[in-house]
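Source file run.txt; content: compact mmCIF, C-alpha atoms.
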# COMPACT_ATOMS: atom_id res chain seq x y z
CA MET A 1 2.64 -15.13 -29.38
CA SER A 2 -0.77 -13.41 -29.34
CA VAL A 3 -0.75 -10.00 -27.63
CA ASP A 4 -3.93 -7.95 -27.22
CA SER A 5 -4.07 -4.54 -28.87
CA ALA A 6 -3.81 -2.48 -25.67
CA LEU A 7 -0.73 -4.34 -24.44
CA SER A 8 0.76 -4.26 -27.92
CA ALA A 9 0.42 -0.47 -27.95
CA VAL A 10 2.13 -0.19 -24.56
CA LEU A 11 5.02 -2.43 -25.59
CA GLY A 12 5.29 -0.62 -28.90
CA SER A 13 5.92 2.60 -26.99
CA VAL A 14 9.26 1.14 -25.88
CA GLY A 15 10.10 -0.37 -29.25
CA VAL A 16 9.00 -3.95 -28.58
CA PRO A 17 7.01 -5.45 -31.48
CA PRO A 18 4.69 -8.44 -30.88
CA GLU A 19 7.18 -10.91 -32.39
CA LEU A 20 9.64 -10.21 -29.54
CA VAL A 21 7.09 -11.27 -26.90
CA ALA A 22 7.77 -14.83 -25.77
CA SER A 23 5.16 -15.03 -23.01
CA CYS A 24 2.28 -12.96 -21.73
CA ASP A 25 0.52 -13.92 -18.49
CA PRO A 26 -2.14 -11.96 -16.60
CA LEU A 27 -1.42 -11.79 -12.87
CA THR A 28 -4.18 -12.00 -10.29
CA GLY A 29 -4.26 -10.88 -6.68
CA GLY A 30 -4.61 -7.15 -7.25
CA THR A 31 -7.87 -5.30 -6.66
CA TYR A 32 -7.64 -2.37 -9.04
CA ASN A 33 -5.13 -2.14 -11.91
CA ALA A 34 -4.67 -4.86 -14.54
CA VAL A 35 -1.25 -6.53 -14.30
CA THR A 36 0.49 -8.64 -16.94
CA ARG A 37 3.83 -10.47 -16.79
CA VAL A 38 5.68 -10.22 -20.11
CA GLY A 39 8.68 -12.33 -21.11
CA LEU A 40 10.73 -11.16 -24.08
CA THR A 41 12.71 -13.34 -26.46
CA ASP A 42 15.97 -11.72 -25.28
CA GLY A 43 15.37 -12.89 -21.71
CA ARG A 44 14.06 -9.68 -20.21
CA ARG A 45 11.04 -10.08 -17.92
CA TRP A 46 8.73 -7.16 -17.30
CA VAL A 47 5.50 -6.45 -15.48
CA VAL A 48 3.04 -4.14 -17.22
CA LYS A 49 0.33 -2.38 -15.27
CA THR A 50 -2.64 -0.53 -16.75
CA PRO A 51 -5.70 1.02 -15.07
CA PRO A 52 -9.16 -0.46 -15.50
CA PRO A 53 -11.39 1.08 -18.19
CA GLY A 54 -13.73 3.61 -16.57
CA GLY A 55 -15.95 2.33 -13.79
CA SER A 56 -16.40 3.41 -10.19
CA HIS A 57 -13.57 3.97 -7.77
CA LEU A 58 -12.68 5.80 -4.56
CA ALA A 59 -11.57 9.42 -4.90
CA TYR A 60 -7.95 8.73 -3.92
CA GLU A 61 -7.68 6.01 -6.59
CA ARG A 62 -7.67 8.45 -9.49
CA ASP A 63 -4.32 8.24 -11.32
CA LEU A 64 -2.92 5.57 -9.00
CA LEU A 65 -0.16 4.85 -11.48
CA VAL A 66 1.29 8.29 -10.74
CA ASN A 67 1.79 7.16 -7.15
CA GLU A 68 3.41 3.92 -8.25
CA VAL A 69 5.88 5.71 -10.49
CA ALA A 70 6.68 8.11 -7.63
CA PHE A 71 7.33 5.16 -5.30
CA TYR A 72 9.72 3.32 -7.63
CA THR A 73 11.48 6.52 -8.66
CA ALA A 74 12.05 7.57 -5.06
CA ALA A 75 13.21 4.10 -3.99
CA ALA A 76 15.63 3.95 -6.92
CA ALA A 77 17.63 6.75 -5.28
CA LEU A 78 18.68 4.30 -2.56
CA ALA A 79 21.56 1.87 -2.90
CA ASP A 80 21.00 -1.89 -3.16
CA GLY A 81 18.78 -3.45 -0.55
CA THR A 82 15.31 -2.07 -1.23
CA ALA A 83 14.14 -4.94 -3.50
CA VAL A 84 11.72 -2.76 -5.47
CA PRO A 85 11.12 -3.14 -9.22
CA GLY A 86 13.04 -0.93 -11.60
CA LEU A 87 11.02 1.49 -13.69
CA VAL A 88 11.41 0.73 -17.42
CA ARG A 89 8.96 3.27 -18.86
CA SER A 90 5.72 4.93 -17.92
CA GLY A 91 3.01 6.85 -19.72
CA LEU A 92 0.66 8.55 -17.31
CA ASP A 93 -1.71 10.33 -19.67
CA PRO A 94 -4.97 8.32 -19.78
CA ALA A 95 -5.93 10.14 -22.98
CA ALA A 96 -2.84 8.92 -24.87
CA PRO A 97 -3.38 6.33 -27.67
CA GLY A 98 -2.20 3.45 -25.48
CA GLY A 99 -3.74 4.88 -22.31
CA ALA A 100 -1.84 5.16 -19.03
CA TYR A 101 0.66 2.41 -18.21
CA VAL A 102 3.72 1.49 -16.18
CA ILE A 103 6.36 -1.01 -17.28
CA MET A 104 8.66 -2.30 -14.54
CA THR A 105 11.20 -5.06 -14.13
CA GLU A 106 9.96 -8.31 -12.64
CA ARG A 107 11.21 -9.10 -9.15
CA PRO A 108 11.99 -12.71 -8.17
CA GLY A 109 9.94 -14.82 -5.80
CA GLN A 110 6.37 -15.51 -4.85
CA PRO A 111 4.00 -13.68 -2.50
CA TRP A 112 4.88 -14.44 1.11
CA HIS A 113 1.38 -15.60 2.03
CA GLU A 114 1.52 -18.33 -0.62
CA LEU A 115 4.33 -20.11 1.23
CA GLY A 116 2.02 -21.08 4.06
CA GLY A 117 3.49 -23.79 6.27
CA ALA A 118 6.49 -24.25 3.98
CA LEU A 119 8.35 -21.52 5.84
CA ALA A 120 10.21 -22.68 8.96
CA ASP A 121 9.88 -20.51 12.06
CA ASP A 122 13.55 -19.54 12.18
CA GLU A 123 13.58 -18.59 8.51
CA GLY A 124 10.38 -16.60 8.91
CA ARG A 125 11.94 -14.64 11.75
CA ARG A 126 15.07 -13.97 9.71
CA LEU A 127 12.94 -12.74 6.82
CA ARG A 128 10.96 -10.43 9.11
CA THR A 129 14.25 -8.89 10.25
CA GLU A 130 15.38 -8.47 6.65
CA LEU A 131 12.01 -6.92 5.79
CA GLY A 132 12.40 -4.50 8.69
CA ARG A 133 15.75 -3.32 7.32
CA ILE A 134 14.26 -2.80 3.86
CA VAL A 135 11.26 -0.83 5.12
CA GLY A 136 13.51 1.24 7.39
CA ARG A 137 15.64 2.15 4.39
CA LEU A 138 12.59 3.13 2.36
CA HIS A 139 11.55 5.43 5.18
CA THR A 140 14.82 7.34 4.91
CA VAL A 141 13.60 8.78 1.60
CA PRO A 142 12.36 12.32 2.28
CA GLY A 143 9.31 13.76 0.60
CA PRO A 144 9.43 16.51 -2.02
CA GLY A 145 8.31 19.24 0.35
CA GLY A 146 4.78 18.22 1.29
CA PHE A 147 2.44 15.49 2.53
CA GLY A 148 -0.17 13.43 0.68
CA TYR A 149 -0.66 11.50 -2.56
CA PRO A 150 1.69 12.42 -5.45
CA SER A 151 -1.16 11.89 -7.92
CA ALA A 152 -2.88 15.05 -6.62
CA ALA A 153 -6.14 13.06 -6.79
CA LEU A 154 -7.15 14.81 -3.57
CA GLY A 155 -5.39 18.09 -4.34
CA PRO A 156 -1.79 19.30 -4.06
CA LEU A 157 0.62 18.14 -1.37
CA ALA A 158 -0.15 19.77 1.97
CA PRO A 159 2.36 21.63 4.16
CA THR A 160 1.38 19.64 7.28
CA TRP A 161 0.69 15.98 7.91
CA ARG A 162 -2.46 16.81 9.87
CA GLY A 163 -3.77 18.78 6.91
CA ALA A 164 -2.98 16.00 4.42
CA PHE A 165 -4.41 13.20 6.56
CA THR A 166 -7.59 15.18 7.20
CA VAL A 167 -8.09 15.53 3.43
CA MET A 168 -7.40 11.80 2.97
CA THR A 169 -9.90 10.66 5.60
CA GLU A 170 -12.51 13.19 4.49
CA ALA A 171 -12.27 11.88 0.93
CA VAL A 172 -13.05 8.31 2.00
CA LEU A 173 -15.90 9.48 4.23
CA ALA A 174 -17.31 11.43 1.29
CA ASP A 175 -17.02 8.22 -0.77
CA ALA A 176 -18.90 6.36 1.97
CA GLU A 177 -21.73 8.88 1.77
CA ARG A 178 -21.73 8.91 -2.04
CA TYR A 179 -21.86 5.12 -2.33
CA GLY A 180 -24.07 4.51 0.69
CA ALA A 181 -21.44 2.17 2.17
CA ARG A 182 -22.30 0.26 5.31
CA LEU A 183 -20.25 1.47 8.29
CA PRO A 184 -20.50 0.58 12.00
CA ARG A 185 -20.87 4.31 12.77
CA THR A 186 -22.24 7.15 10.68
CA PRO A 187 -19.73 9.06 8.56
CA SER A 188 -20.37 12.12 10.74
CA ALA A 189 -19.52 10.17 13.90
CA VAL A 190 -16.35 8.78 12.31
CA ARG A 191 -15.39 12.28 11.16
CA ARG A 192 -15.78 13.67 14.69
CA ARG A 193 -13.58 10.87 16.03
CA PHE A 194 -10.83 11.63 13.54
CA ASP A 195 -11.03 15.33 14.29
CA ALA A 196 -10.88 14.81 18.06
CA ALA A 197 -7.69 12.74 17.82
CA SER A 198 -5.91 14.63 15.04
CA SER A 199 -3.64 16.81 17.20
CA VAL A 200 -1.12 13.93 17.51
CA LEU A 201 -0.51 14.21 13.78
CA ASP A 202 1.32 17.47 14.43
CA ASP A 203 4.14 15.37 15.90
CA VAL A 204 5.08 14.39 12.33
CA ALA A 205 7.22 17.07 10.71
CA ARG A 206 9.04 15.12 7.98
CA PRO A 207 7.21 13.54 5.02
CA ALA A 208 8.60 10.06 4.36
CA LEU A 209 8.05 7.50 1.61
CA VAL A 210 5.13 5.35 2.82
CA HIS A 211 4.03 2.25 0.86
CA PHE A 212 0.82 1.69 2.90
CA ASP A 213 0.02 -1.69 1.35
CA LEU A 214 2.72 -3.94 2.79
CA TRP A 215 0.59 -6.99 3.46
CA GLN A 216 2.22 -10.32 2.62
CA GLY A 217 0.73 -10.43 -0.87
CA ASN A 218 2.94 -7.49 -1.86
CA ILE A 219 6.11 -8.95 -0.39
CA LEU A 220 7.89 -11.51 -2.57
CA VAL A 221 10.06 -14.23 -1.08
CA ALA A 222 12.74 -15.79 -3.29
CA GLY A 223 15.27 -18.61 -2.93
CA GLU A 224 15.35 -22.16 -1.69
CA PRO A 225 14.39 -23.32 1.83
CA GLY A 226 17.04 -22.25 4.29
CA ALA A 227 18.37 -19.56 1.97
CA ARG A 228 15.26 -17.52 1.27
CA ARG A 229 15.39 -13.73 0.98
CA ILE A 230 13.04 -10.84 0.33
CA GLY A 231 12.83 -10.82 -3.46
CA GLY A 232 10.56 -7.85 -3.94
CA ILE A 233 8.44 -5.08 -2.49
CA ILE A 234 5.77 -4.54 -5.14
CA ASP A 235 2.53 -2.65 -5.88
CA GLY A 236 3.51 0.80 -4.69
CA GLU A 237 0.39 2.41 -6.18
CA ARG A 238 -1.16 3.34 -2.81
CA MET A 239 1.92 5.14 -1.53
CA PHE A 240 1.90 8.63 -0.07
CA TRP A 241 4.28 11.05 1.55
CA GLY A 242 3.53 10.95 5.25
CA ASP A 243 4.22 9.43 8.65
CA PRO A 244 6.39 6.31 8.27
CA ALA A 245 4.47 4.72 11.15
CA ALA A 246 1.51 4.38 8.77
CA ASP A 247 3.31 1.41 7.20
CA PHE A 248 3.11 -0.47 10.50
CA VAL A 249 -0.61 -1.07 9.90
CA SER A 250 -0.45 -3.28 6.79
CA LEU A 251 2.78 -4.87 8.01
CA ALA A 252 0.76 -6.27 10.91
CA LEU A 253 -2.65 -6.43 9.26
CA PHE A 254 -5.23 -7.29 11.94
CA GLY A 255 -2.32 -7.64 14.38
CA ASP A 256 0.00 -5.48 16.48
CA ILE A 257 3.40 -4.44 15.14
CA GLU A 258 4.67 -4.02 18.71
CA GLU A 259 4.65 -7.82 19.00
CA ASP A 260 6.85 -8.29 15.91
CA GLU A 261 10.25 -8.12 17.59
CA ASP A 262 12.11 -9.46 14.57
CA PHE A 263 10.74 -6.83 12.20
CA LEU A 264 11.35 -4.05 14.71
CA THR A 265 14.95 -5.19 15.25
CA GLY A 266 15.70 -4.92 11.55
CA TYR A 267 13.75 -1.69 11.21
CA GLY A 268 15.66 -0.05 14.04
CA GLU A 269 18.95 -0.83 12.32
CA SER A 270 18.11 1.20 9.20
CA ALA A 271 15.25 3.60 9.95
CA PRO A 272 16.13 7.31 10.14
CA GLY A 273 15.10 7.57 13.79
CA GLY A 274 16.69 4.33 14.95
CA PRO A 275 14.78 1.88 17.17
CA VAL A 276 11.07 2.59 17.52
CA GLU A 277 9.75 3.89 20.83
CA PHE A 278 6.04 3.22 21.22
CA ASP A 279 4.89 6.24 23.20
CA GLY A 280 1.36 7.57 23.48
CA SER A 281 1.60 9.72 20.37
CA LEU A 282 2.82 6.87 18.18
CA ARG A 283 0.15 4.45 19.42
CA SER A 284 -2.58 7.02 18.80
CA ARG A 285 -1.30 7.75 15.32
CA ILE A 286 -1.12 4.06 14.44
CA ALA A 287 -4.74 3.70 15.62
CA LEU A 288 -5.73 6.55 13.28
CA TYR A 289 -3.96 4.86 10.36
CA ARG A 290 -5.68 1.56 11.19
CA ALA A 291 -9.01 3.35 11.14
CA TYR A 292 -8.18 4.91 7.77
CA LEU A 293 -7.25 1.56 6.22
CA TYR A 294 -10.29 -0.23 7.68
CA LEU A 295 -12.51 2.57 6.42
CA ILE A 296 -11.13 2.11 2.92
CA MET A 297 -11.66 -1.65 3.12
CA LEU A 298 -15.32 -1.19 4.03
CA VAL A 299 -16.14 1.55 1.53
CA GLU A 300 -14.36 0.00 -1.47
CA THR A 301 -16.67 -3.03 -1.37
CA VAL A 302 -19.31 -0.92 -3.12
CA PRO A 303 -17.43 0.24 -6.23
CA ARG A 304 -15.67 -3.17 -6.35
CA LYS A 305 -19.09 -4.83 -6.42
CA ALA A 306 -18.02 -7.32 -3.76
CA SER A 307 -19.83 -10.65 -3.58
CA ALA A 308 -22.16 -11.49 -0.71
CA GLU A 309 -19.46 -13.69 0.80
CA GLN A 310 -16.87 -10.91 0.56
CA LEU A 311 -19.28 -8.42 2.07
CA GLU A 312 -19.99 -10.71 5.02
CA TRP A 313 -16.29 -11.34 5.64
CA THR A 314 -15.42 -7.66 5.44
CA TRP A 315 -18.24 -6.67 7.78
CA ASN A 316 -17.43 -9.34 10.35
CA GLU A 317 -13.65 -8.85 10.28
CA VAL A 318 -13.16 -5.17 9.52
CA ALA A 319 -16.10 -3.28 11.03
CA PRO A 320 -15.31 -4.24 14.66
CA ARG A 321 -11.66 -3.36 14.09
CA LEU A 322 -12.61 0.05 12.74
CA GLU A 323 -14.59 0.77 15.88
CA ALA A 324 -11.74 -0.43 18.10
CA ALA A 325 -9.19 1.68 16.22
CA LEU A 326 -11.35 4.79 16.51
CA ASP A 327 -11.70 4.24 20.24
CA GLU A 328 -7.94 3.64 20.64
CA ALA A 329 -6.99 6.79 18.73
CA GLY A 330 -7.77 9.15 21.58
CA PRO A 331 -10.44 10.69 23.81
CA ALA A 332 -14.01 10.80 22.64
CA PRO A 333 -15.06 14.06 20.95
CA ARG A 334 -17.01 16.55 23.01
CA ALA A 335 -20.74 16.40 22.55

Render the structure in this file as structure tokens.
Amino acid sequence: MSVDSALSAVLGSVGVPPELVASCDPLTGGTYNAVTRVGLTDGRRWVVKTPPPGGSHLAYERDLLVNEVAFYTAAAALADGTAVPGLVRSGLDPAAPGGAYVIMTERPGQPWHELGGALADDEGRRLRTELGRIVGRLHTVPGPGGFGYPSAALGPLAPTWRGAFTVMTEAVLADAERYGARLPRTPSAVRRRFDAASSVLDDVARPALVHFDLWQGNILVAGEPGARRIGGIIDGERMFWGDPAADFVSLALFGDIEEDEDFLTGYGESAPGGPVEFDGSLRSRIALYRAYLYLIMLVETVPRKASAEQLEWTWNEVAPRLEAALDEAGPAPRA
């Protein structure tokens, strides 16, 4: 089995020589780190993740693997039922001989969105309820005493959620200015909107484990029709310690989580606060988190060197939603 030198160095760090590698398959679907599925001759199946060599990126994306390790380590403290990969080994020093890497156990199943029409309505609803329970359990994990990204890419953890989120949004706006990204409003106008609505962030006092990338591509579904289950919650590299409601954005990407009764039923059974009450503060905060995600989606097209088709889709689909989210977040800033 032929294994490239970089992967061979990573596997060698855990005592696996090339002759013990039975299969080696690059995985697509991610937008940043390189991911490889590795099957060993003894039956073990791992997923190896390494960062791209150099290149442009957003400020928060520095040392993303640190975040991923933090996510899996924190989730491992829970009992069965979280469906996250197990951490086999990690090396987070990019200057090391093999570079930075994470080795994790492979979770069963295929990305939810690949099932398409093969998923019956009743089974889909049951899976949404199961997913709600899993996410609720993940949100019971408390942070280590602060808010923000574990990688410290934007600085140390902040004592308040408003402080952390302000740093997070400011970093992406600075990226927008640095890369000359196309936005429906100027970075200054977006910044004023965030600032005007930020007081609701003070309602969040407890930092929770937030995945923030729970679209269907990062949710694996395993099993046969009629007996399917959530097989995995993967790609925790964009996690942060923050408001658990931030996960509601990607869970209902371009939709409204309030309409997902099945997910909310499961979530309310396991989340630390019980059933979700959508009051004014929560709706405003969710709008802010939508705006943050949409801002990232627009700005990252520049360092990703998106194609003309991708640029058109992102502008048509995301830009109007960013404007709507900013308007929904709260009153307009004073002139």

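For the pair atom CA of Ala196 of chain A and atom CA of Leu288 of chain A, the interatomic distance is 10.8 Å.
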
| Close residues, Glu68 of chain A itself excluded, 9 Å, all atoms listed in the file, min 5 positions apart in chain, as a list in words | Thr73, Val102, Asp235, Gly236, Glu237, Arg238 and Met239 of chain A

| query | Can you tell me, as an MDAnalysis selection string, what residues are no more than 7 Å from segment 203-210 of chain A when counting all atoms listed in the file, ignoring any on the same chain fewer than 2 positions away? | reply | chainID A and resid 138:143 146:147 161 200:201 212 239:244 247

| said: One decimal, in Å: what's the spacing between atom CA of Arg128 of chain A and atom CA of Ala271 of chain A? | reply: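 Distance between the two atoms: 14.7 Å.
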
| message | Calculated over all atoms listed in the file, which of the candidates A:Pro53, A:Gly86, A:Pro144, A:Pro184 has the smallest distance to Val299 of chain A? | response | A:Pro184

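Counting only C-alpha atoms, the residue from A:Phe254, A:Tyr101, A:Tyr32, A:Trp46 that sits nearest to Ala291 of chain A is A:Phe254.
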
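The interatomic distance for the pair atom CA of Ala325 of chain A and atom CA of Glu177 of chain A works out to 20.4 Å.
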
| query | Neighbours of Asp25 of chain A within 8 Å (all atoms listed in the file; same-chain residues fewer than 4 positions away dropped), as a PyMOL selection string? | reply | chain A and resi 36-38

| note | Shortest contact to Arg321 of chain A, candidates A:Ala227, A:Ala171, A:Leu183, A:Val221, atoms counted only C-alpha atoms, goes to A:Leu183

| field | Point (6.0, -9.5, -21.8) neighbourhood (7 Å, all atoms listed in the file) written as a ChimeraX atom specification | value | /A:21-24,37-40,45-46

| Among listed residues A:Glu317, A:Gly99, A:Val172, A:Tyr72, nearest Ser5 of chain A (using only C-alpha atoms) | A:Gly99

| field | Nearby residues (all atoms listed in the file) at most 9 Å from Leu293 of chain A, same-chain spacing under 2 positions excluded, as a ChimeraX atom specification | value | /A:212,249-250,288-291,295-298,322

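The closest residue to Val318 of chain A, picked from A:Arg283, A:Arg192, A:His211, A:Arg182 and counting all atoms listed in the file, is A:Arg182.
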
| message | Applying 6 Å and only C-alpha atoms, which residues near Asn33 of chain A remain after dropping the ones on its own chain fewer than 5 positions away? List them as JSON, numbers by chain. | response | {"A": [50, 51, 52]}

| task | Go ahead and find all residues with at least one atom no further than 9 Å from (13.8, 0.8, 20.4) in the file's coordinates, using all atoms listed in the file; report them as a PyMOL selection string. | result | chain A and resi 264-265+268+274-278

| Which residue, A:Pro225, A:Pro303, A:Pro320, A:Gly91, has the smallest gap to Ala120 of chain A when you use all atoms listed in the file? | A:Pro225
